[in-house]
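Text of the file model_33.tsv, holding TSV, C-alpha atoms:
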chain	number	residue	atom	x	y	z
A	1	MET	CA	72.33	142.52	87.13
A	2	ALA	CA	74.46	143.83	89.95
A	3	LYS	CA	76.74	141.89	92.28
A	4	VAL	CA	76.06	142.59	95.97
A	5	LYS	CA	78.58	141.64	98.65
A	6	LEU	CA	77.64	142.02	102.31
A	7	THR	CA	78.45	140.66	105.70
A	8	VAL	CA	75.16	139.38	107.11
A	9	ASN	CA	75.03	138.17	110.70
A	10	GLY	CA	78.82	137.91	110.70
A	11	ARG	CA	79.02	135.86	107.50
A	12	ALA	CA	80.29	137.11	104.13
A	13	VAL	CA	77.58	136.68	101.48
A	14	SER	CA	77.13	137.73	97.90
A	15	GLY	CA	74.57	137.46	95.18
A	16	ASP	CA	73.37	138.87	91.92
A	17	CYS	CA	70.24	140.99	91.77
A	18	GLU	CA	68.57	143.65	89.70
A	19	GLU	CA	69.75	147.17	90.54
A	20	ARG	CA	66.24	148.02	91.79
A	21	THR	CA	66.09	145.14	94.33
A	22	LEU	CA	65.38	146.36	97.84
A	23	LEU	CA	67.60	145.15	100.67
A	24	VAL	CA	64.61	143.50	102.36
A	25	HIS	CA	63.94	141.40	99.25
A	26	PHE	CA	67.62	140.50	98.88
A	27	ILE	CA	67.71	139.35	102.51
A	28	ARG	CA	64.52	137.32	102.24
A	29	GLU	CA	64.74	135.96	98.70
A	30	LYS	CA	68.46	135.62	98.00
A	31	LEU	CA	69.63	134.78	101.52
A	32	GLY	CA	66.56	132.95	102.80
A	33	LEU	CA	66.45	134.97	106.04
A	34	THR	CA	62.71	135.45	106.45
A	35	GLY	CA	62.64	136.99	109.92
A	36	THR	CA	62.84	140.42	108.32
A	37	HIS	CA	59.28	141.09	107.18
A	38	VAL	CA	57.72	143.13	104.41
A	39	GLY	CA	54.73	144.83	105.94
A	40	CYS	CA	53.58	147.92	104.12
A	41	ASP	CA	55.78	148.58	101.08
A	42	THR	CA	55.77	152.27	102.06
A	43	SER	CA	58.45	152.33	104.82
A	44	GLN	CA	55.91	153.20	107.51
A	45	CYS	CA	55.45	149.97	109.48
A	46	GLY	CA	58.98	149.08	110.61
A	47	ALA	CA	58.57	145.31	110.13
A	48	CYS	CA	61.68	145.33	107.92
A	49	VAL	CA	64.12	146.95	110.38
A	50	VAL	CA	67.65	145.54	110.33
A	51	HIS	CA	70.94	146.96	111.52
A	52	MET	CA	73.30	148.23	108.85
A	53	ASP	CA	76.76	149.08	110.10
A	54	GLY	CA	75.36	149.11	113.62
A	55	LYS	CA	72.37	151.40	113.05
A	56	SER	CA	68.74	150.45	112.60
A	57	VAL	CA	67.39	151.04	109.11
A	58	LYS	CA	64.21	150.14	107.29
A	59	SER	CA	65.48	147.66	104.74
A	60	CYS	CA	62.58	148.47	102.41
A	61	THR	CA	64.06	151.96	101.89
A	62	ILE	CA	67.52	150.83	100.79
A	63	LEU	CA	68.55	149.20	97.57
A	64	ALA	CA	70.65	146.07	97.99
A	65	VAL	CA	73.39	147.66	95.84
A	66	GLN	CA	73.49	150.64	98.23
A	67	ALA	CA	74.17	148.23	101.10
A	68	SER	CA	76.99	146.46	99.28
A	69	GLY	CA	80.05	146.36	101.52
A	70	ALA	CA	78.02	146.93	104.69
A	71	ALA	CA	77.66	144.75	107.76
A	72	VAL	CA	73.99	143.82	108.21
A	73	THR	CA	72.43	142.17	111.23
A	74	THR	CA	68.99	140.66	110.97
A	75	ILE	CA	66.79	139.27	113.74
A	76	GLU	CA	68.36	135.86	113.03
A	77	GLY	CA	71.76	137.27	113.99
A	78	LEU	CA	70.86	138.62	117.44
A	79	ALA	CA	70.80	135.45	119.52
A	80	GLY	CA	74.15	133.93	120.35
A	81	ASN	CA	75.32	130.59	121.65
A	82	GLY	CA	71.76	129.31	121.81
A	83	GLU	CA	70.62	132.14	124.09
A	84	LEU	CA	68.21	134.91	123.24
A	85	HIS	CA	69.50	138.47	123.09
A	86	PRO	CA	68.36	140.36	126.23
A	87	VAL	CA	65.80	142.30	124.18
A	88	GLN	CA	64.37	139.10	122.72
A	89	ALA	CA	64.22	137.57	126.20
A	90	ALA	CA	62.46	140.66	127.57
A	91	PHE	CA	59.85	140.56	124.79
A	92	LYS	CA	59.19	136.94	125.69
A	93	GLU	CA	59.09	137.58	129.45
A	94	HIS	CA	56.85	140.66	129.23
A	95	HIS	CA	54.56	139.36	126.47
A	96	GLY	CA	55.72	142.09	124.09
A	97	LEU	CA	54.30	140.31	121.08
A	98	GLN	CA	50.98	139.07	119.85
A	99	CYS	CA	50.94	137.68	116.32
A	100	GLY	CA	54.70	138.22	116.03
A	101	PHE	CA	54.68	139.91	112.63
A	102	CYS	CA	56.05	143.26	113.86
A	103	THR	CA	58.24	141.71	116.55
A	104	PRO	CA	61.50	141.36	114.58
A	105	GLY	CA	61.42	145.03	113.57
A	106	MET	CA	60.43	146.10	117.08
A	107	VAL	CA	63.29	144.09	118.59
A	108	MET	CA	65.85	145.45	116.13
A	109	THR	CA	64.64	149.01	116.76
A	110	ALA	CA	64.79	148.44	120.53
A	111	VAL	CA	68.35	147.08	120.41
A	112	ASP	CA	69.51	150.17	118.54
A	113	MET	CA	67.52	152.47	120.83
A	114	ILE	CA	69.03	150.97	123.98
A	115	SER	CA	72.50	151.19	122.48
A	116	ARG	CA	72.13	154.84	121.44
A	117	HIS	CA	70.67	155.98	124.76
A	118	GLY	CA	73.26	154.20	126.88
A	119	GLY	CA	70.75	153.09	129.48
A	120	GLN	CA	69.04	156.47	129.80
A	121	LEU	CA	65.55	155.47	128.69
A	122	ASP	CA	62.14	156.29	130.03
A	123	GLU	CA	58.65	155.39	128.86
A	124	LYS	CA	58.16	158.63	126.93
A	125	THR	CA	61.40	158.16	124.98
A	126	VAL	CA	60.63	154.52	124.19
A	127	ARG	CA	57.15	155.38	122.93
A	128	HIS	CA	58.52	158.22	120.81
A	129	GLU	CA	61.26	156.06	119.29
A	130	LEU	CA	58.82	153.24	118.49
A	131	GLU	CA	56.57	155.56	116.46
A	132	GLY	CA	58.13	154.21	113.26
A	133	ASN	CA	57.07	150.64	114.12
A	134	ILE	CA	53.42	149.71	113.80
A	135	CYS	CA	51.82	146.91	115.79
A	136	ARG	CA	48.22	146.20	114.88
A	137	CYS	CA	47.65	143.74	117.77
A	138	THR	CA	48.74	145.53	120.95
A	139	GLY	CA	48.49	148.85	122.69
A	140	TYR	CA	52.31	148.88	122.96
A	141	HIS	CA	52.14	148.67	126.76
A	142	ASN	CA	53.92	145.31	127.00
A	143	ILE	CA	56.34	146.26	124.23
A	144	VAL	CA	57.36	149.36	126.18
A	145	LYS	CA	57.68	147.27	129.37
A	146	ALA	CA	59.89	144.81	127.50
A	147	VAL	CA	62.17	147.55	126.12
A	148	LEU	CA	62.53	149.20	129.53
A	149	SER	CA	63.22	145.83	131.16
A	150	ALA	CA	65.90	144.97	128.58
A	151	ASN	CA	67.41	148.43	129.02
A	152	GLU	CA	67.62	147.88	132.78
A	153	GLN	CA	69.12	144.43	132.32
A	154	MET	CA	71.69	145.66	129.80
A	155	HIS	CA	72.59	148.91	131.56
A	156	GLY	CA	71.24	148.57	135.10
A	157	SER	CA	74.58	147.86	136.75
A	158	ALA	CA	76.23	150.82	135.00
A	159	LYS	CA	73.27	153.03	135.98
A	160	GLN	CA	73.46	151.91	139.61
A	161	ALA	CA	77.23	152.51	139.72
A	162	ALA	CA	76.68	156.10	138.52
A	163	GLU	CA	74.16	156.80	141.30
Just dump the structure as structure tokens.
Amino acid sequence: MAKVKLTVNGRAVSGDCEERTLLVHFIREKLGLTGTHVGCDTSQCGACVVHMDGKSVKSCTILAVQASGAAVTTIEGLAGNGELHPVQAAFKEHHGLQCGFCTPGMVMTAVDMISRHGGQLDEKTVRHELEGNICRCTGYHNIVKAVLSANEQMHGSAKQAAE
């Protein structure tokens, strides 16, 4: 057994697990945070995306012991003070979800994408960046609309000031 110590959603946590335990299983089973989903077991679907040290990662590709010492944010850690994160709010407003299974991973990917591109997003870039997240229910149209809307909300004033 290995001892894993992380900061998850701003809170120091620790737990024992087998060395082969994936981060996604540690998050779900040891910490009880079930918003991070296990979808495919092959790292192709993106349902397990979390942020590790500020970058989106597929938590089914990382061992919990490899993440020890890292700061991890899950979908449960995005909202603050009882208000949805702008990306979550945009998904709700633009109907960017159907069954909801892929939504946490999509949202976490979108937050990272918007952060990395500093407001410079277009439909082609969003579609390209979402290729690692599979949604079996939609044609991605409303998901892309939601990401672009959140991008505008989060960076619109900075974009307008630059023009």
So the first atom is CA of Leu148 in chain A and the second is CA of Glu129 in chain A; what is the distance between them in Å, to one decimal place?
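Computing the Euclidean distance for CA of Leu148 in chain A and CA of Glu129 in chain A yields 12.4 Å.
Each of A:Lys55, A:Leu97, A:Lys3, A:Gly35 was compared to Ile134 in chain A using all atoms listed in the file, and A:Leu97 turns out to be the nearest.
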Non-local contacts of Cys99 in chain A (10 Å; all atoms listed in the file; under 6 positions in same chain excluded) as a PDB file with C-alpha atoms, keeping the file's coordinate frame:
ATOM      1  CA  CYS A 135      51.820 146.910 115.790  1.00  0.00           C
ATOM      2  CA  ARG A 136      48.220 146.200 114.880  1.00  0.00           C
ATOM      3  CA  CYS A 137      47.650 143.740 117.770  1.00  0.00           C
ATOM      4  CA  THR A 138      48.740 145.530 120.950  1.00  0.00           C
TER       5      THR A 138
END
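Going from CA of Cys102 in chain A over to CA of Gly46 in chain A, you cover 7.3 Å.
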With distances taken over all atoms listed in the file, which of A:Gly118, A:Gly105, A:Gly10, A:Gly82 is nearest to Leu130 in chain A?
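Closest candidate: A:Gly105.
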Contacts of Lys124 in chain A at 12 Å (all atoms listed in the file; same-chain gap of 4+ positions) as a PDB file with C-alpha atoms, in the frame of the given file:
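Final output, saved to around-v3.pdb:
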ATOM      1  CA  GLN A 120      69.040 156.470 129.800  1.00  0.00           C
ATOM      2  CA  HIS A 128      58.520 158.220 120.810  1.00  0.00           C
ATOM      3  CA  GLU A 129      61.260 156.060 119.290  1.00  0.00           C
ATOM      4  CA  LEU A 130      58.820 153.240 118.490  1.00  0.00           C
ATOM      5  CA  GLU A 131      56.570 155.560 116.460  1.00  0.00           C
ATOM      6  CA  HIS A 141      52.140 148.670 126.760  1.00  0.00           C
ATOM      7  CA  VAL A 144      57.360 149.360 126.180  1.00  0.00           C
ATOM      8  CA  LYS A 145      57.680 147.270 129.370  1.00  0.00           C
ATOM      9  CA  VAL A 147      62.170 147.550 126.120  1.00  0.00           C
ATOM     10  CA  LEU A 148      62.530 149.200 129.530  1.00  0.00           C
TER      11      LEU A 148
END
Quick one: residues within 10 Å of range 25-29 of chain A, all atoms listed in the file counted, chain neighbours fewer than 2 positions away excluded, as a list of chain:residue names?
A:Val4, A:Val8, A:Ser14, A:Gly15, A:Asp16, A:Cys17, A:Glu18, A:Thr21, A:Leu22, A:Leu23, A:Leu31, A:Gly32, A:Leu33, A:Thr34, A:Gly35, A:Thr36, A:His37, A:Val38, A:Cys48, A:Val50, A:Ser59, A:Cys60, A:Leu63, A:Ala64, A:Val65, A:Val72, A:Thr74
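With only C-alpha atoms as the atoms that count, the minimum distance from Arg116 in chain A to the choices A:Asn133, A:Ala12, A:Ala67, A:His155 is reached by A:His155.
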Leaving out Gly156 in chain A and any residue of its chain fewer than 6 positions from it, which residues lie within 10 Å of it when counting all atoms listed in the file, given as a ChimeraX atom specification?
/A:119-120,149-150,162
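Near Phe91 in chain A, within 8 Å and counting all atoms listed in the file, sit Val87, Gln88, His94, His95, Gly96, Leu97, Val107, Asn142, Ile143, Ala146 and Val147 of chain A; same-chain residues fewer than 3 positions away were not included.
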Atom-to-atom span, CA of Thr103 in chain A and CA of Gly39 in chain A, Å:
11.6 Å
Can you report as lines of an AutoDock Vina configuration file the centre and edge lengths in Å, to one decimal, of an axis-aligned box around the listed atoms of range 133-148 of chain A padded with 3 Å on each side?
center_x = 55.1
center_y = 147.2
center_z = 121.7
size_x = 20.9
size_y = 12.9
size_z = 21.7
Of the candidates A:Met108, A:Val13, A:Leu121, A:Cys45, which one gets nearest to Gly77 in chain A if we count all atoms listed in the file?
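Closest to Gly77 in chain A of all the choices is A:Met108.
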From the set A:Val126, A:Met52, A:Met154, A:Leu84, which residue has the shortest atom-to-atom contact distance to Ala71 in chain A, counting all atoms listed in the file?
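Using all atoms listed in the file, the shortest distance to Ala71 in chain A belongs to A:Met52.
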